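Pasted below: query_22.pdb, PDB, N, CA and C atoms.
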ATOM      1  N   MET A   1     -43.246 -55.965  -6.152
ATOM      2  CA  MET A   1     -42.347 -55.951  -7.288
ATOM      3  C   MET A   1     -41.245 -56.977  -7.039
ATOM      4  N   THR A   2     -41.031 -57.831  -7.988
ATOM      5  CA  THR A   2     -40.028 -58.878  -7.829
ATOM      6  C   THR A   2     -38.648 -58.349  -8.193
ATOM      7  N   ALA A   3     -37.644 -59.121  -7.835
ATOM      8  CA  ALA A   3     -36.264 -58.711  -8.091
ATOM      9  C   ALA A   3     -35.987 -58.621  -9.591
ATOM     10  N   THR A   4     -36.560 -59.515 -10.364
ATOM     11  CA  THR A   4     -36.321 -59.465 -11.816
ATOM     12  C   THR A   4     -36.953 -58.227 -12.445
ATOM     13  N   GLU A   5     -38.109 -57.800 -11.923
ATOM     14  CA  GLU A   5     -38.731 -56.574 -12.428
ATOM     15  C   GLU A   5     -37.875 -55.356 -12.105
ATOM     16  N   VAL A   6     -37.299 -55.348 -10.912
ATOM     17  CA  VAL A   6     -36.428 -54.235 -10.516
ATOM     18  C   VAL A   6     -35.201 -54.191 -11.409
ATOM     19  N   VAL A   7     -34.586 -55.341 -11.663
ATOM     20  CA  VAL A   7     -33.408 -55.404 -12.533
ATOM     21  C   VAL A   7     -33.773 -54.943 -13.939
ATOM     22  N   THR A   8     -34.933 -55.343 -14.416
ATOM     23  CA  THR A   8     -35.383 -54.917 -15.744
ATOM     24  C   THR A   8     -35.569 -53.410 -15.813
ATOM     25  N   GLN A   9     -36.172 -52.828 -14.783
ATOM     26  CA  GLN A   9     -36.365 -51.374 -14.763
ATOM     27  C   GLN A   9     -35.032 -50.633 -14.697
ATOM     28  N   ILE A  10     -34.112 -51.133 -13.898
ATOM     29  CA  ILE A  10     -32.789 -50.494 -13.810
ATOM     30  C   ILE A  10     -32.079 -50.569 -15.151
ATOM     31  N   THR A  11     -32.137 -51.716 -15.790
ATOM     32  CA  THR A  11     -31.478 -51.885 -17.087
ATOM     33  C   THR A  11     -32.086 -50.967 -18.136
ATOM     34  N   GLU A  12     -33.401 -50.883 -18.177
ATOM     35  CA  GLU A  12     -34.069 -50.001 -19.142
ATOM     36  C   GLU A  12     -33.728 -48.537 -18.894
ATOM     37  N   ALA A  13     -33.689 -48.128 -17.631
ATOM     38  CA  ALA A  13     -33.335 -46.746 -17.305
ATOM     39  C   ALA A  13     -31.889 -46.459 -17.689
ATOM     40  N   ALA A  14     -31.001 -47.432 -17.479
ATOM     41  CA  ALA A  14     -29.601 -47.251 -17.838
ATOM     42  C   ALA A  14     -29.434 -47.099 -19.339
ATOM     43  N   VAL A  15     -30.120 -47.920 -20.103
ATOM     44  CA  VAL A  15     -30.020 -47.860 -21.559
ATOM     45  C   VAL A  15     -30.588 -46.543 -22.085
ATOM     46  N   SER A  16     -31.699 -46.091 -21.500
ATOM     47  CA  SER A  16     -32.325 -44.860 -21.996
ATOM     48  C   SER A  16     -31.471 -43.621 -21.720
ATOM     49  N   THR A  17     -30.632 -43.664 -20.685
ATOM     50  CA  THR A  17     -29.770 -42.521 -20.381
ATOM     51  C   THR A  17     -28.377 -42.662 -20.971
ATOM     52  N   GLY A  18     -28.104 -43.798 -21.619
ATOM     53  CA  GLY A  18     -26.796 -44.003 -22.219
ATOM     54  C   GLY A  18     -25.770 -44.532 -21.243
ATOM     55  N   PHE A  19     -26.207 -45.008 -20.087
ATOM     56  CA  PHE A  19     -25.309 -45.527 -19.061
ATOM     57  C   PHE A  19     -24.868 -46.928 -19.446
ATOM     58  N   VAL A  20     -23.565 -47.151 -19.451
ATOM     59  CA  VAL A  20     -23.022 -48.464 -19.773
ATOM     60  C   VAL A  20     -22.431 -49.039 -18.494
ATOM     61  N   THR A  21     -22.907 -50.209 -18.113
ATOM     62  CA  THR A  21     -22.398 -50.829 -16.891
ATOM     63  C   THR A  21     -21.187 -51.680 -17.216
ATOM     64  N   ASN A  22     -20.166 -51.529 -16.396
ATOM     65  CA  ASN A  22     -18.950 -52.301 -16.532
ATOM     66  C   ASN A  22     -18.728 -53.007 -15.206
ATOM     67  N   GLU A  23     -18.678 -54.302 -15.225
ATOM     68  CA  GLU A  23     -18.571 -55.097 -14.012
ATOM     69  C   GLU A  23     -17.312 -54.761 -13.219
ATOM     70  N   ASN A  24     -16.236 -54.396 -13.895
ATOM     71  CA  ASN A  24     -14.971 -54.108 -13.209
ATOM     72  C   ASN A  24     -14.945 -52.708 -12.595
ATOM     73  N   ASN A  25     -15.694 -51.758 -13.170
ATOM     74  CA  ASN A  25     -15.635 -50.373 -12.702
ATOM     75  C   ASN A  25     -16.862 -49.920 -11.932
ATOM     76  N   THR A  26     -17.928 -50.701 -11.917
ATOM     77  CA  THR A  26     -19.173 -50.281 -11.293
ATOM     78  C   THR A  26     -19.358 -50.979  -9.952
ATOM     79  N   THR A  27     -19.628 -50.188  -8.929
ATOM     80  CA  THR A  27     -19.944 -50.733  -7.612
ATOM     81  C   THR A  27     -21.272 -50.125  -7.172
ATOM     82  N   TYR A  28     -21.825 -50.658  -6.102
ATOM     83  CA  TYR A  28     -23.053 -50.074  -5.586
ATOM     84  C   TYR A  28     -22.976 -49.980  -4.077
ATOM     85  N   MET A  29     -23.800 -49.098  -3.516
ATOM     86  CA  MET A  29     -23.824 -48.916  -2.077
ATOM     87  C   MET A  29     -25.263 -48.756  -1.631
ATOM     88  N   LYS A  30     -25.630 -49.485  -0.599
ATOM     89  CA  LYS A  30     -26.949 -49.368  -0.010
ATOM     90  C   LYS A  30     -26.811 -48.491   1.230
ATOM     91  N   ILE A  31     -27.570 -47.397   1.275
ATOM     92  CA  ILE A  31     -27.476 -46.457   2.386
ATOM     93  C   ILE A  31     -28.493 -46.835   3.445
ATOM     94  N   ASN A  32     -28.008 -46.941   4.691
ATOM     95  CA  ASN A  32     -28.846 -47.334   5.808
ATOM     96  C   ASN A  32     -28.260 -46.724   7.070
ATOM     97  N   ARG A  33     -29.055 -46.089   7.883
ATOM     98  CA  ARG A  33     -28.563 -45.497   9.122
ATOM     99  C   ARG A  33     -28.200 -46.540  10.168
ATOM    100  N   ASN A  34     -28.819 -47.708  10.098
ATOM    101  CA  ASN A  34     -28.475 -48.774  11.028
ATOM    102  C   ASN A  34     -27.147 -49.376  10.617
ATOM    103  N   ILE A  35     -26.272 -49.572  11.588
ATOM    104  CA  ILE A  35     -24.945 -50.105  11.281
ATOM    105  C   ILE A  35     -25.079 -51.605  11.051
ATOM    106  N   MET A  36     -24.918 -51.980   9.804
ATOM    107  CA  MET A  36     -25.014 -53.387   9.432
ATOM    108  C   MET A  36     -23.929 -53.668   8.409
ATOM    109  N   ASN A  37     -23.232 -54.745   8.582
ATOM    110  CA  ASN A  37     -22.243 -55.155   7.593
ATOM    111  C   ASN A  37     -22.835 -56.287   6.763
ATOM    112  N   SER A  38     -23.795 -55.966   5.966
ATOM    113  CA  SER A  38     -24.442 -56.973   5.120
ATOM    114  C   SER A  38     -23.959 -56.806   3.691
ATOM    115  N   GLU A  39     -22.668 -56.954   3.514
ATOM    116  CA  GLU A  39     -22.104 -56.794   2.175
ATOM    117  C   GLU A  39     -22.522 -57.974   1.309
ATOM    118  N   GLN A  40     -23.277 -57.685   0.286
ATOM    119  CA  GLN A  40     -23.691 -58.701  -0.663
ATOM    120  C   GLN A  40     -23.463 -58.146  -2.057
ATOM    121  N   ASP A  41     -22.959 -58.991  -2.901
ATOM    122  CA  ASP A  41     -22.768 -58.568  -4.276
ATOM    123  C   ASP A  41     -24.107 -58.587  -5.003
ATOM    124  N   LEU A  42     -24.277 -57.675  -5.921
ATOM    125  CA  LEU A  42     -25.503 -57.559  -6.707
ATOM    126  C   LEU A  42     -25.274 -58.241  -8.048
ATOM    127  N   ILE A  43     -26.159 -59.135  -8.405
ATOM    128  CA  ILE A  43     -26.061 -59.833  -9.683
ATOM    129  C   ILE A  43     -27.179 -59.310 -10.576
ATOM    130  N   MET A  44     -26.773 -58.741 -11.715
ATOM    131  CA  MET A  44     -27.734 -58.149 -12.631
ATOM    132  C   MET A  44     -27.331 -58.506 -14.052
ATOM    133  N   ASN A  45     -28.182 -59.223 -14.747
ATOM    134  CA  ASN A  45     -27.901 -59.655 -16.126
ATOM    135  C   ASN A  45     -26.557 -60.358 -16.240
ATOM    136  N   GLU A  46     -26.326 -61.281 -15.339
ATOM    137  CA  GLU A  46     -25.108 -62.103 -15.289
ATOM    138  C   GLU A  46     -23.848 -61.299 -15.017
ATOM    139  N   GLN A  47     -23.977 -60.077 -14.562
ATOM    140  CA  GLN A  47     -22.841 -59.277 -14.130
ATOM    141  C   GLN A  47     -22.900 -59.170 -12.609
ATOM    142  N   VAL A  48     -21.746 -59.254 -11.951
ATOM    143  CA  VAL A  48     -21.684 -59.188 -10.495
ATOM    144  C   VAL A  48     -21.073 -57.847 -10.109
ATOM    145  N   PHE A  49     -21.820 -57.055  -9.309
ATOM    146  CA  PHE A  49     -21.353 -55.756  -8.855
ATOM    147  C   PHE A  49     -21.054 -55.821  -7.373
ATOM    148  N   GLU A  50     -19.920 -55.260  -6.993
ATOM    149  CA  GLU A  50     -19.452 -55.296  -5.604
ATOM    150  C   GLU A  50     -20.194 -54.263  -4.753
ATOM    151  N   ASP A  51     -20.536 -54.659  -3.529
ATOM    152  CA  ASP A  51     -21.141 -53.757  -2.550
ATOM    153  C   ASP A  51     -20.015 -53.068  -1.785
ATOM    154  N   VAL A  52     -20.061 -51.749  -1.676
ATOM    155  CA  VAL A  52     -19.040 -50.998  -0.946
ATOM    156  C   VAL A  52     -19.680 -50.244   0.203
ATOM    157  N   GLN A  53     -18.906 -49.947   1.227
ATOM    158  CA  GLN A  53     -19.398 -49.217   2.387
ATOM    159  C   GLN A  53     -19.142 -47.716   2.275
ATOM    160  N   ASP A  54     -18.126 -47.317   1.489
ATOM    161  CA  ASP A  54     -17.856 -45.897   1.270
ATOM    162  C   ASP A  54     -17.107 -45.716  -0.042
ATOM    163  N   PHE A  55     -17.216 -44.512  -0.612
ATOM    164  CA  PHE A  55     -16.499 -44.180  -1.833
ATOM    165  C   PHE A  55     -16.413 -42.668  -1.971
ATOM    166  N   ARG A  56     -15.545 -42.215  -2.861
ATOM    167  CA  ARG A  56     -15.389 -40.791  -3.122
ATOM    168  C   ARG A  56     -16.173 -40.436  -4.368
ATOM    169  N   TYR A  57     -16.974 -39.374  -4.271
ATOM    170  CA  TYR A  57     -17.733 -38.875  -5.412
ATOM    171  C   TYR A  57     -17.521 -37.374  -5.489
ATOM    172  N   VAL A  58     -16.916 -36.917  -6.551
ATOM    173  CA  VAL A  58     -16.594 -35.512  -6.783
ATOM    174  C   VAL A  58     -15.844 -34.939  -5.568
ATOM    175  N   GLY A  59     -14.899 -35.713  -5.061
ATOM    176  CA  GLY A  59     -14.056 -35.259  -3.968
ATOM    177  C   GLY A  59     -14.638 -35.417  -2.582
ATOM    178  N   ALA A  60     -15.902 -35.775  -2.467
ATOM    179  CA  ALA A  60     -16.534 -35.930  -1.149
ATOM    180  C   ALA A  60     -16.606 -37.412  -0.788
ATOM    181  N   LEU A  61     -16.345 -37.704   0.469
ATOM    182  CA  LEU A  61     -16.412 -39.075   0.960
ATOM    183  C   LEU A  61     -17.849 -39.386   1.361
ATOM    184  N   ILE A  62     -18.425 -40.375   0.731
ATOM    185  CA  ILE A  62     -19.804 -40.786   1.015
ATOM    186  C   ILE A  62     -19.748 -42.184   1.600
ATOM    187  N   ASN A  63     -20.447 -42.385   2.730
ATOM    188  CA  ASN A  63     -20.462 -43.718   3.316
ATOM    189  C   ASN A  63     -21.888 -44.208   3.494
ATOM    190  N   SER A  64     -22.014 -45.494   3.774
ATOM    191  CA  SER A  64     -23.329 -46.133   3.764
ATOM    192  C   SER A  64     -24.197 -45.742   4.953
ATOM    193  N   ILE A  65     -23.610 -45.241   6.046
ATOM    194  CA  ILE A  65     -24.435 -44.836   7.194
ATOM    195  C   ILE A  65     -24.563 -43.322   7.270
ATOM    196  N   ASN A  66     -24.079 -42.631   6.226
ATOM    197  CA  ASN A  66     -24.289 -41.199   6.044
ATOM    198  C   ASN A  66     -23.727 -40.362   7.194
ATOM    199  N   LEU A  67     -22.492 -40.669   7.605
ATOM    200  CA  LEU A  67     -21.831 -39.903   8.660
ATOM    201  C   LEU A  67     -20.970 -38.804   8.053
ATOM    202  N   ILE A  68     -21.161 -37.589   8.503
ATOM    203  CA  ILE A  68     -20.358 -36.469   8.024
ATOM    204  C   ILE A  68     -18.998 -36.430   8.723
ATOM    205  N   SER A  69     -18.892 -37.049   9.887
ATOM    206  CA  SER A  69     -17.641 -37.001  10.647
ATOM    207  C   SER A  69     -16.493 -37.645   9.876
ATOM    208  N   ASP A  70     -16.769 -38.684   9.078
ATOM    209  CA  ASP A  70     -15.716 -39.293   8.273
ATOM    210  C   ASP A  70     -15.211 -38.329   7.208
ATOM    211  N   GLU A  71     -16.115 -37.553   6.622
ATOM    212  CA  GLU A  71     -15.715 -36.551   5.619
ATOM    213  C   GLU A  71     -14.874 -35.460   6.275
ATOM    214  N   ILE A  72     -15.246 -35.033   7.467
ATOM    215  CA  ILE A  72     -14.489 -33.995   8.178
ATOM    216  C   ILE A  72     -13.088 -34.484   8.497
ATOM    217  N   LYS A  73     -12.973 -35.709   9.014
ATOM    218  CA  LYS A  73     -11.656 -36.288   9.311
ATOM    219  C   LYS A  73     -10.808 -36.384   8.052
ATOM    220  N   SER A  74     -11.438 -36.777   6.956
ATOM    221  CA  SER A  74     -10.725 -36.908   5.689
ATOM    222  C   SER A  74     -10.180 -35.563   5.214
ATOM    223  N   ARG A  75     -10.980 -34.506   5.340
ATOM    224  CA  ARG A  75     -10.534 -33.176   4.910
ATOM    225  C   ARG A  75      -9.434 -32.628   5.813
ATOM    226  N   ILE A  76      -9.537 -32.873   7.114
ATOM    227  CA  ILE A  76      -8.482 -32.433   8.036
ATOM    228  C   ILE A  76      -7.180 -33.153   7.719
ATOM    229  N   THR A  77      -7.265 -34.450   7.466
ATOM    230  CA  THR A  77      -6.073 -35.223   7.118
ATOM    231  C   THR A  77      -5.450 -34.717   5.824
ATOM    232  N   ALA A  78      -6.274 -34.426   4.827
ATOM    233  CA  ALA A  78      -5.759 -33.905   3.555
ATOM    234  C   ALA A  78      -5.099 -32.542   3.746
ATOM    235  N   GLY A  79      -5.695 -31.687   4.569
ATOM    236  CA  GLY A  79      -5.100 -30.379   4.854
ATOM    237  C   GLY A  79      -3.772 -30.501   5.564
ATOM    238  N   ASN A  80      -3.683 -31.408   6.521
ATOM    239  CA  ASN A  80      -2.419 -31.630   7.232
ATOM    240  C   ASN A  80      -1.346 -32.159   6.294
ATOM    241  N   ARG A  81      -1.723 -33.088   5.407
ATOM    242  CA  ARG A  81      -0.756 -33.609   4.444
ATOM    243  C   ARG A  81      -0.222 -32.500   3.551
ATOM    244  N   CYS A  82      -1.110 -31.639   3.097
ATOM    245  CA  CYS A  82      -0.707 -30.520   2.235
ATOM    246  C   CYS A  82       0.214 -29.562   2.989
ATOM    247  N   PHE A  83      -0.155 -29.229   4.223
ATOM    248  CA  PHE A  83       0.636 -28.302   5.026
ATOM    249  C   PHE A  83       2.044 -28.849   5.278
ATOM    250  N   TYR A  84       2.130 -30.129   5.649
ATOM    251  CA  TYR A  84       3.448 -30.698   5.946
ATOM    252  C   TYR A  84       4.276 -30.918   4.688
ATOM    253  N   ASN A  85       3.638 -31.064   3.538
ATOM    254  CA  ASN A  85       4.407 -31.138   2.290
ATOM    255  C   ASN A  85       4.986 -29.777   1.909
ATOM    256  N   LEU A  86       4.368 -28.691   2.370
ATOM    257  CA  LEU A  86       4.847 -27.336   2.059
ATOM    258  C   LEU A  86       5.743 -26.754   3.157
ATOM    259  N   ARG A  87       6.074 -27.531   4.166
ATOM    260  CA  ARG A  87       6.817 -26.965   5.305
ATOM    261  C   ARG A  87       8.188 -26.420   4.911
ATOM    262  N   GLN A  88       8.832 -27.012   3.889
ATOM    263  CA  GLN A  88      10.127 -26.469   3.463
ATOM    264  C   GLN A  88       9.958 -25.082   2.845
ATOM    265  N   ILE A  89       8.848 -24.861   2.160
ATOM    266  CA  ILE A  89       8.578 -23.536   1.597
ATOM    267  C   ILE A  89       8.342 -22.529   2.721
ATOM    268  N   PHE A  90       7.608 -22.935   3.740
ATOM    269  CA  PHE A  90       7.343 -22.032   4.859
ATOM    270  C   PHE A  90       8.609 -21.707   5.649
ATOM    271  N   ARG A  91       9.577 -22.618   5.685
ATOM    272  CA  ARG A  91      10.829 -22.385   6.405
ATOM    273  C   ARG A  91      11.851 -21.622   5.565
ATOM    274  N   SER A  92      11.618 -21.544   4.260
ATOM    275  CA  SER A  92      12.557 -20.905   3.358
ATOM    276  C   SER A  92      12.673 -19.413   3.653
ATOM    277  N   ARG A  93      13.880 -18.899   3.556
ATOM    278  CA  ARG A  93      14.108 -17.469   3.772
ATOM    279  C   ARG A  93      14.080 -16.688   2.461
ATOM    280  N   THR A  94      13.975 -17.389   1.340
ATOM    281  CA  THR A  94      13.979 -16.703   0.044
ATOM    282  C   THR A  94      12.611 -16.115  -0.302
ATOM    283  N   MET A  95      11.560 -16.612   0.315
ATOM    284  CA  MET A  95      10.219 -16.089   0.056
ATOM    285  C   MET A  95       9.830 -15.129   1.165
ATOM    286  N   SER A  96       9.088 -14.114   0.758
ATOM    287  CA  SER A  96       8.667 -13.132   1.758
ATOM    288  C   SER A  96       7.546 -13.699   2.628
ATOM    289  N   LYS A  97       7.362 -13.062   3.748
ATOM    290  CA  LYS A  97       6.314 -13.477   4.685
ATOM    291  C   LYS A  97       4.926 -13.325   4.069
ATOM    292  N   ALA A  98       4.743 -12.278   3.264
ATOM    293  CA  ALA A  98       3.448 -12.033   2.623
ATOM    294  C   ALA A  98       3.078 -13.172   1.662
ATOM    295  N   VAL A  99       4.039 -13.662   0.909
ATOM    296  CA  VAL A  99       3.797 -14.767  -0.019
ATOM    297  C   VAL A  99       3.460 -16.047   0.745
ATOM    298  N   LYS A 100       4.167 -16.277   1.841
ATOM    299  CA  LYS A 100       3.890 -17.452   2.671
ATOM    300  C   LYS A 100       2.485 -17.390   3.257
ATOM    301  N   ILE A 101       2.040 -16.223   3.631
ATOM    302  CA  ILE A 101       0.687 -16.069   4.182
ATOM    303  C   ILE A 101      -0.342 -16.344   3.091
ATOM    304  N   LYS A 102      -0.085 -15.882   1.868
ATOM    305  CA  LYS A 102      -1.018 -16.156   0.780
ATOM    306  C   LYS A 102      -1.093 -17.643   0.481
ATOM    307  N   ILE A 103       0.039 -18.325   0.559
ATOM    308  CA  ILE A 103       0.060 -19.769   0.324
ATOM    309  C   ILE A 103      -0.732 -20.482   1.410
ATOM    310  N   HIS A 104      -0.556 -20.036   2.636
ATOM    311  CA  HIS A 104      -1.247 -20.676   3.760
ATOM    312  C   HIS A 104      -2.732 -20.448   3.649
TER     313      HIS A 104
END

Step by step, read the file and then write its structure as structure tokens.
Amino acid sequence: MTATEVVTQITEAAVSTGFVTNENNTTYMKINRNIMNSEQDLIMNEQVFEDVQDFRYVGALINSINLISDEIKSRITAGNRCFYNLRQIFRSRTMSKAVKIKIH
């Protein structure tokens, strides 16, 4: 199968599902377990799409080598940020201990 046939099939599938490609908002990622930095832009119907190594999809961090450790680090960091933003509430004497435990 040639590259033009693949582009044609992708375009037809996109049109049939109502998917509209926007060069500024659409990126693509090639998943490969081998660590390779072969970032190449994809050219399809005179539109250039950027190759990315990772992105967020529905709150989950997805990367091109499919490592879960990056997602775990990201969630721990987000939890720490949330906890330290609430530290004044936890130190407050106006709230009861039970409410603070529920927040935590």

Show me, as number ranges by chain, the residues that have an atom within 12 Å of range 70-75 of chain A when counting only C-alpha atoms, minus same-chain residues fewer than 4 positions from it. A: 54-57, 59-66, 79-82

Based on the selection just made, write N, CA and C atoms of those residues as an mmCIF file, in the frame of the given file.
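Saved to part.cif:
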data_model
loop_
_atom_site.group_PDB
_atom_site.id
_atom_site.type_symbol
_atom_site.label_atom_id
_atom_site.label_comp_id
_atom_site.auth_asym_id
_atom_site.auth_seq_id
_atom_site.Cartn_x
_atom_site.Cartn_y
_atom_site.Cartn_z
ATOM 1 N N ASP A 54 -18.126 -47.317 1.489
ATOM 2 C CA ASP A 54 -17.856 -45.897 1.270
ATOM 3 C C ASP A 54 -17.107 -45.716 -0.042
ATOM 4 N N PHE A 55 -17.216 -44.512 -0.612
ATOM 5 C CA PHE A 55 -16.499 -44.180 -1.833
ATOM 6 C C PHE A 55 -16.413 -42.668 -1.971
ATOM 7 N N ARG A 56 -15.545 -42.215 -2.861
ATOM 8 C CA ARG A 56 -15.389 -40.791 -3.122
ATOM 9 C C ARG A 56 -16.173 -40.436 -4.368
ATOM 10 N N TYR A 57 -16.974 -39.374 -4.271
ATOM 11 C CA TYR A 57 -17.733 -38.875 -5.412
ATOM 12 C C TYR A 57 -17.521 -37.374 -5.489
ATOM 13 N N GLY A 59 -14.899 -35.713 -5.061
ATOM 14 C CA GLY A 59 -14.056 -35.259 -3.968
ATOM 15 C C GLY A 59 -14.638 -35.417 -2.582
ATOM 16 N N ALA A 60 -15.902 -35.775 -2.467
ATOM 17 C CA ALA A 60 -16.534 -35.930 -1.149
ATOM 18 C C ALA A 60 -16.606 -37.412 -0.788
ATOM 19 N N LEU A 61 -16.345 -37.704 0.469
ATOM 20 C CA LEU A 61 -16.412 -39.075 0.960
ATOM 21 C C LEU A 61 -17.849 -39.386 1.361
ATOM 22 N N ILE A 62 -18.425 -40.375 0.731
ATOM 23 C CA ILE A 62 -19.804 -40.786 1.015
ATOM 24 C C ILE A 62 -19.748 -42.184 1.600
ATOM 25 N N ASN A 63 -20.447 -42.385 2.730
ATOM 26 C CA ASN A 63 -20.462 -43.718 3.316
ATOM 27 C C ASN A 63 -21.888 -44.208 3.494
ATOM 28 N N SER A 64 -22.014 -45.494 3.774
ATOM 29 C CA SER A 64 -23.329 -46.133 3.764
ATOM 30 C C SER A 64 -24.197 -45.742 4.953
ATOM 31 N N ILE A 65 -23.610 -45.241 6.046
ATOM 32 C CA ILE A 65 -24.435 -44.836 7.194
ATOM 33 C C ILE A 65 -24.563 -43.322 7.270
ATOM 34 N N ASN A 66 -24.079 -42.631 6.226
ATOM 35 C CA ASN A 66 -24.289 -41.199 6.044
ATOM 36 C C ASN A 66 -23.727 -40.362 7.194
ATOM 37 N N GLY A 79 -5.695 -31.687 4.569
ATOM 38 C CA GLY A 79 -5.100 -30.379 4.854
ATOM 39 C C GLY A 79 -3.772 -30.501 5.564
ATOM 40 N N ASN A 80 -3.683 -31.408 6.521
ATOM 41 C CA ASN A 80 -2.419 -31.630 7.232
ATOM 42 C C ASN A 80 -1.346 -32.159 6.294
ATOM 43 N N ARG A 81 -1.723 -33.088 5.407
ATOM 44 C CA ARG A 81 -0.756 -33.609 4.444
ATOM 45 C C ARG A 81 -0.222 -32.500 3.551
ATOM 46 N N CYS A 82 -1.110 -31.639 3.097
ATOM 47 C CA CYS A 82 -0.707 -30.520 2.235
ATOM 48 C C CYS A 82 0.214 -29.562 2.989
#

I need the output of the PyMOL selection byres (((chain A and resi 44 and name CA) around 9) and name CA) for this file as a list in words; which residues are they?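 So the PyMOL selection byres (((chain A and resi 44 and name CA) around 9) and name CA), applied here, picks out Thr4, Val7, Thr8, Thr11, Leu42, Ile43, Asn45, Glu46, Gln47, Val48 and Phe49 of chain A.
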
Residue by residue, what does the PyMOL selection byres (((chain A and resi 17-26 and name CA) around 9) and name CA) grab here? Present the result as number ranges by chain. A: 12-16, 27-28, 47-50

Calculate how many Å separate CA of Leu67 in chain A from atom C of Lys30 in chain A, rounding to one decimal.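 According to the coordinates, CA of Leu67 in chain A and atom C of Lys30 in chain A are separated by 12.4 Å.
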
I need the alpha helix (DSSP H) residues of chain A per DSSP on the backbone, written as a VMD selection string. chain A and resid 3 to 17 68 to 85 87 to 91 97 to 103

Can you tell me how far atom N of Gln9 in chain A sits from CA of Val52 in chain A, in Å to one decimal? 22.1 Å

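Here CA of Lys102 in chain A and CA of Gln88 in chain A stand 15.4 Å from one another.
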
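Residues of range 3-103 of chain A assigned to strand (DSSP E or B) by DSSP on this structure's backbone: Thr27, Tyr28, Leu42, Ile43, Met44, Gln47, Val48, Phe49, Glu50, Asp51, Asp54, Phe55, Arg56, Tyr57, Ala60, Leu61, Ile62 and Asn63 of chain A.
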
Identify which of the residues A:Thr94, A:Asn85, A:Thr77, A:Gln53 lies closest to Met29 in chain A, counting all atoms listed in the file when measuring atom-to-atom distances.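 Of all the options, A:Gln53 lies closest to Met29 in chain A.
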